[in-house]
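Below you'll find the structure, written out as structure tokens, and then a few comments.
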There are 2 protein chains.
Amino acid sequence: MAKAPRTGPYICGIDAALDVVSGKWKGLVLWELHAHGVRRFSELRRALPGVSEKMLAQHLREMEADGIVLRTVYAEVPPKVEYSLTESGAALNEALLPLGAWGRERVRREGLEVAPVPEAPASAAG
Amino acid sequence: MAKAPRTGPYICGIDAALDVVSGKWKGLVLWELHAHGVRRFSELRRALPGVSEKMLAQHLREMEADGIVLRTVYAEVPPKVEYSLTESGAALNEALLPLGAWGRERVRREGLEVAPVPEAPASAAG
DNA sequence: CTGTATCCTTTAGGATACTG
DNA sequence: CAGTATCCTAAAGGATACAG
């Protein structure tokens with residue numbers, strides 16, 4: 001979803017799904033949470049080289065509102081917040097696997113560049 | 001792909017795939033070509049209510065450059081141009097099926113609105 | 001550590017007019 | 001019919017500073 005309440009009626013399921021994953025870093029956030037189960041804000045920031053605090057926070061809020069990410073706040077000092085996938089988020093990740101496979105095939109076929117990601121699970125993400 | 005030559009290195013397959021389907025109408029174009037096999041420019045325009053000529057042409061050029069759409073120009077007058085899916089485009093469509101299913105489930109679960117599409121194949125697109 | 005607030009640049013998308 | 005060209009608006013994203 002965008003930040004606005006609800007953009008409008010969807011035309012098909014693809015629309016409704018792309019609306020949720022559209023965002024420069026959302027796919028990576030999804031994958032990072034899938035790979036590690038639980039991540040803190042600062043861990044996600046380190047895992048996404050180049051992301052700004054604003055965008056990371058904004059994306060996480062939207063994904064939370066879309067029901068794919070769970071945000072857990074611990075009443076400690078210093079503050080501690082953990083992010084994880086909801087059941088729906090995990091299902092979304094599963095649904096993205098074939099698309100990821102197609103994308104990797106595309107990268108291979110067209111000889112596109114791929115940035116090395118620290119600690120990325122090479123088996124399925126590359 | 002964006003209109004710029006190449007945005008930059010991809011981080012994972014999802015990135016590389018989303019880059020190709022990101023665009024307000026690309027998913028629908030994909031589906032329309034899948035459903036009909038071959039479509040002319042004006043047919044696509046009618047199938048995508050609200051699309052501007054500029055965006056449709058631009059999207060089709062990008063999809064052609066990305067190797068998922070084939071553009072066939074007939075040397076006739078009046079002009080005739082046909083669009084269809086390449087093998088890669090058809091594979092992309094297949095890879096999008098689980099995502100579409102997830103999207104429809106999301107629409108159902110959250111009670112989101114869906115716009116009725118003329119002549120859309122209800123079996124898998126709704 | 002986990003964010004917000006503000007300001008700014010870039011890009012996507014749209015309206016309209018025109019052309020081979 | 002199948003587009004281009006031009007101009008414009010809106011939305012996404014980024015830099016930086018500050019706060020609980």
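Chain identifiers are assigned as A, B, and so on, following the order in which chains appear in the structure tokens; residues are numbered from 1 within each chain, and ligands are numbered from 1 in order of appearance.
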
Hey, list the chain B side of the contact with chain C: 9 Å cut-off, only C-alpha atoms (C1' of nucleotides), answer as an mmCIF file with C-alpha atoms, in the first residue's frame.
data_model
loop_
_atom_site.group_PDB
_atom_site.id
_atom_site.type_symbol
_atom_site.label_atom_id
_atom_site.label_comp_id
_atom_site.auth_asym_id
_atom_site.auth_seq_id
_atom_site.Cartn_x
_atom_site.Cartn_y
_atom_site.Cartn_z
ATOM 1 C CA GLY B 23 4.701 0.140 -13.824
ATOM 2 C CA LYS B 24 1.103 1.025 -13.368
ATOM 3 C CA VAL B 51 -4.349 4.432 -19.558
ATOM 4 C CA SER B 52 -2.873 7.294 -21.567
ATOM 5 C CA LYS B 54 1.941 7.926 -23.691
ATOM 6 C CA MET B 55 2.112 5.467 -20.828
#

Would you please give, as a VMD selection string, all residues of segment 6-96 of chain A that DSSP assigns to helix (DSSP H, G or I) based on the backbone?
chain A and resid 13 to 21 26 to 36 41 to 47 53 to 65 87 to 96

Quick one: which chain A residues come within 12 Å of chain D, and what is the nearest atom pair for each with the distance in Å to one decimal, counting only C-alpha atoms (C1' of nucleotides), rows ordered by chain and ascending number, as JSON lines?
{"residue": "A:Ala2", "atom": "CA", "partner": "D:DA11", "partner_atom": "C1'", "distance": 9.4}
{"residue": "A:Lys3", "atom": "CA", "partner": "D:DA11", "partner_atom": "C1'", "distance": 10.0}
{"residue": "A:Ala4", "atom": "CA", "partner": "D:DA11", "partner_atom": "C1'", "distance": 10.4}
{"residue": "A:Thr7", "atom": "CA", "partner": "D:DA11", "partner_atom": "C1'", "distance": 11.9}
{"residue": "A:Ser22", "atom": "CA", "partner": "D:DA12", "partner_atom": "C1'", "distance": 10.6}
{"residue": "A:Gly23", "atom": "CA", "partner": "D:DA12", "partner_atom": "C1'", "distance": 8.4}
{"residue": "A:Lys24", "atom": "CA", "partner": "D:DG13", "partner_atom": "C1'", "distance": 8.5}
{"residue": "A:Trp25", "atom": "CA", "partner": "D:DG13", "partner_atom": "C1'", "distance": 10.8}
{"residue": "A:Gly50", "atom": "CA", "partner": "D:DG14", "partner_atom": "C1'", "distance": 9.8}
{"residue": "A:Val51", "atom": "CA", "partner": "D:DG14", "partner_atom": "C1'", "distance": 8.8}
{"residue": "A:Ser52", "atom": "CA", "partner": "D:DG14", "partner_atom": "C1'", "distance": 6.9}
{"residue": "A:Glu53", "atom": "CA", "partner": "D:DG14", "partner_atom": "C1'", "distance": 9.7}
{"residue": "A:Lys54", "atom": "CA", "partner": "D:DG14", "partner_atom": "C1'", "distance": 8.5}
{"residue": "A:Met55", "atom": "CA", "partner": "D:DG13", "partner_atom": "C1'", "distance": 7.4}
{"residue": "A:Leu56", "atom": "CA", "partner": "D:DG13", "partner_atom": "C1'", "distance": 10.9}
{"residue": "A:Gln58", "atom": "CA", "partner": "D:DG13", "partner_atom": "C1'", "distance": 10.8}
{"residue": "A:His59", "atom": "CA", "partner": "D:DG13", "partner_atom": "C1'", "distance": 11.3}
{"residue": "A:Val77", "atom": "CA", "partner": "D:DG20", "partner_atom": "C1'", "distance": 10.4}
{"residue": "A:Pro78", "atom": "CA", "partner": "D:DG20", "partner_atom": "C1'", "distance": 10.2}
{"residue": "A:Pro79", "atom": "CA", "partner": "D:DG20", "partner_atom": "C1'", "distance": 9.5}

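Atom CA of Asp15 of chain A to atom CA of Glu82 of chain A spans 29.0 Å [interatomic distance, one decimal].
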
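Reported to one decimal place, the separation of atom CA of Leu48 of chain A from atom CA of Glu32 of chain A is 9.1 Å.
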
Show me a table, sorted first by chain and then by increasing residue number, of the residues of chain A having an atom at most 6 Å from chain B, each with its shortest atom pair and the distance in Å to one decimal, counting only C-alpha atoms and written as CSV.
residue,atom,partner,partner_atom,distance
A:Pro9,CA,B:Val114,CA,4.6
A:Tyr10,CA,B:Val114,CA,4.5
A:Ile11,CA,B:Ala115,CA,5.2
A:Cys12,CA,B:Gly126,CA,4.8
A:Gly13,CA,B:Gly103,CA,4.2
A:Ile14,CA,B:Gly100,CA,4.3
A:Ala16,CA,B:Gly103,CA,4.9
A:Ala17,CA,B:Gly103,CA,4.4
A:Ala95,CA,B:Pro98,CA,4.9
A:Pro98,CA,B:Ala95,CA,4.9
A:Leu99,CA,B:Ala95,CA,4.9
A:Gly100,CA,B:Gly13,CA,4.3
A:Gly103,CA,B:Gly13,CA,4.2
A:Arg104,CA,B:Gly13,CA,4.4
A:Glu113,CA,B:Pro9,CA,4.6
A:Val114,CA,B:Tyr10,CA,4.5
A:Ala115,CA,B:Ile11,CA,5.2
A:Ala125,CA,B:Cys12,CA,5.4
A:Gly126,CA,B:Cys12,CA,4.9

Could you save the residues just selected, with N, CA and C atoms, as a compact mmCIF listing (two decimals), in the first residue's frame?
# COMPACT_ATOMS: atom_id res chain seq x y z
N PRO A 9 -9.59 0.75 -6.05
CA PRO A 9 -9.95 -0.62 -6.33
C PRO A 9 -8.86 -1.32 -7.14
N TYR A 10 -8.67 -2.58 -6.85
CA TYR A 10 -7.68 -3.35 -7.58
C TYR A 10 -8.32 -4.00 -8.79
N ILE A 11 -7.51 -4.22 -9.80
CA ILE A 11 -8.04 -4.80 -11.03
C ILE A 11 -7.87 -6.31 -11.02
N CYS A 12 -6.77 -6.77 -10.42
CA CYS A 12 -6.61 -8.22 -10.28
C CYS A 12 -5.68 -8.51 -9.10
N GLY A 13 -5.46 -9.77 -8.82
CA GLY A 13 -4.65 -10.15 -7.68
C GLY A 13 -3.22 -9.64 -7.77
N ILE A 14 -2.70 -9.61 -8.98
CA ILE A 14 -1.34 -9.11 -9.18
C ILE A 14 -1.23 -7.67 -8.69
N ALA A 16 -3.05 -6.20 -6.41
CA ALA A 16 -3.16 -6.17 -4.96
C ALA A 16 -1.87 -6.63 -4.30
N ALA A 17 -1.15 -7.54 -4.96
CA ALA A 17 0.10 -8.04 -4.40
C ALA A 17 1.24 -7.06 -4.66
N ALA A 95 5.08 -16.97 -2.19
CA ALA A 95 4.50 -16.65 -3.49
C ALA A 95 5.49 -15.91 -4.38
N PRO A 98 8.81 -18.11 -7.14
CA PRO A 98 8.92 -18.29 -8.59
C PRO A 98 9.35 -17.01 -9.30
N LEU A 99 8.87 -15.88 -8.80
CA LEU A 99 9.25 -14.60 -9.41
C LEU A 99 10.75 -14.35 -9.24
N GLY A 100 11.24 -14.68 -8.05
CA GLY A 100 12.68 -14.53 -7.81
C GLY A 100 13.49 -15.43 -8.72
N GLY A 103 13.59 -13.88 -12.06
CA GLY A 103 14.49 -12.74 -12.04
C GLY A 103 15.95 -13.15 -12.12
N ARG A 104 16.30 -14.21 -11.42
CA ARG A 104 17.69 -14.67 -11.47
C ARG A 104 18.01 -15.20 -12.87
N GLU A 113 24.15 -6.87 -13.89
CA GLU A 113 25.00 -6.82 -12.70
C GLU A 113 24.20 -7.13 -11.45
N VAL A 114 24.88 -7.76 -10.54
CA VAL A 114 24.27 -8.05 -9.24
C VAL A 114 25.21 -7.59 -8.15
N ALA A 115 24.65 -6.82 -7.23
CA ALA A 115 25.47 -6.34 -6.13
C ALA A 115 25.61 -7.42 -5.08
N ALA A 125 18.53 -16.55 -2.89
CA ALA A 125 18.33 -15.10 -3.05
C ALA A 125 19.12 -14.53 -4.22
N GLY A 126 20.25 -15.10 -4.54
CA GLY A 126 21.13 -14.46 -5.51
C GLY A 126 20.55 -14.23 -6.82

When you draw a straight line from atom CA of Ala47 of chain B to atom CA of Gly111 of chain B, how long is it in Å?
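Pair atom CA of Ala47 of chain B / atom CA of Gly111 of chain B returns 25.0 Å.
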
Quick one: residues within 8 Å of His34 of chain B, only C-alpha atoms (C1' of nucleotides), excluding same-chain residues fewer than 3 positions away - as a PyMOL selection string?
chain B and resi 30-31+37+84-85+90+93
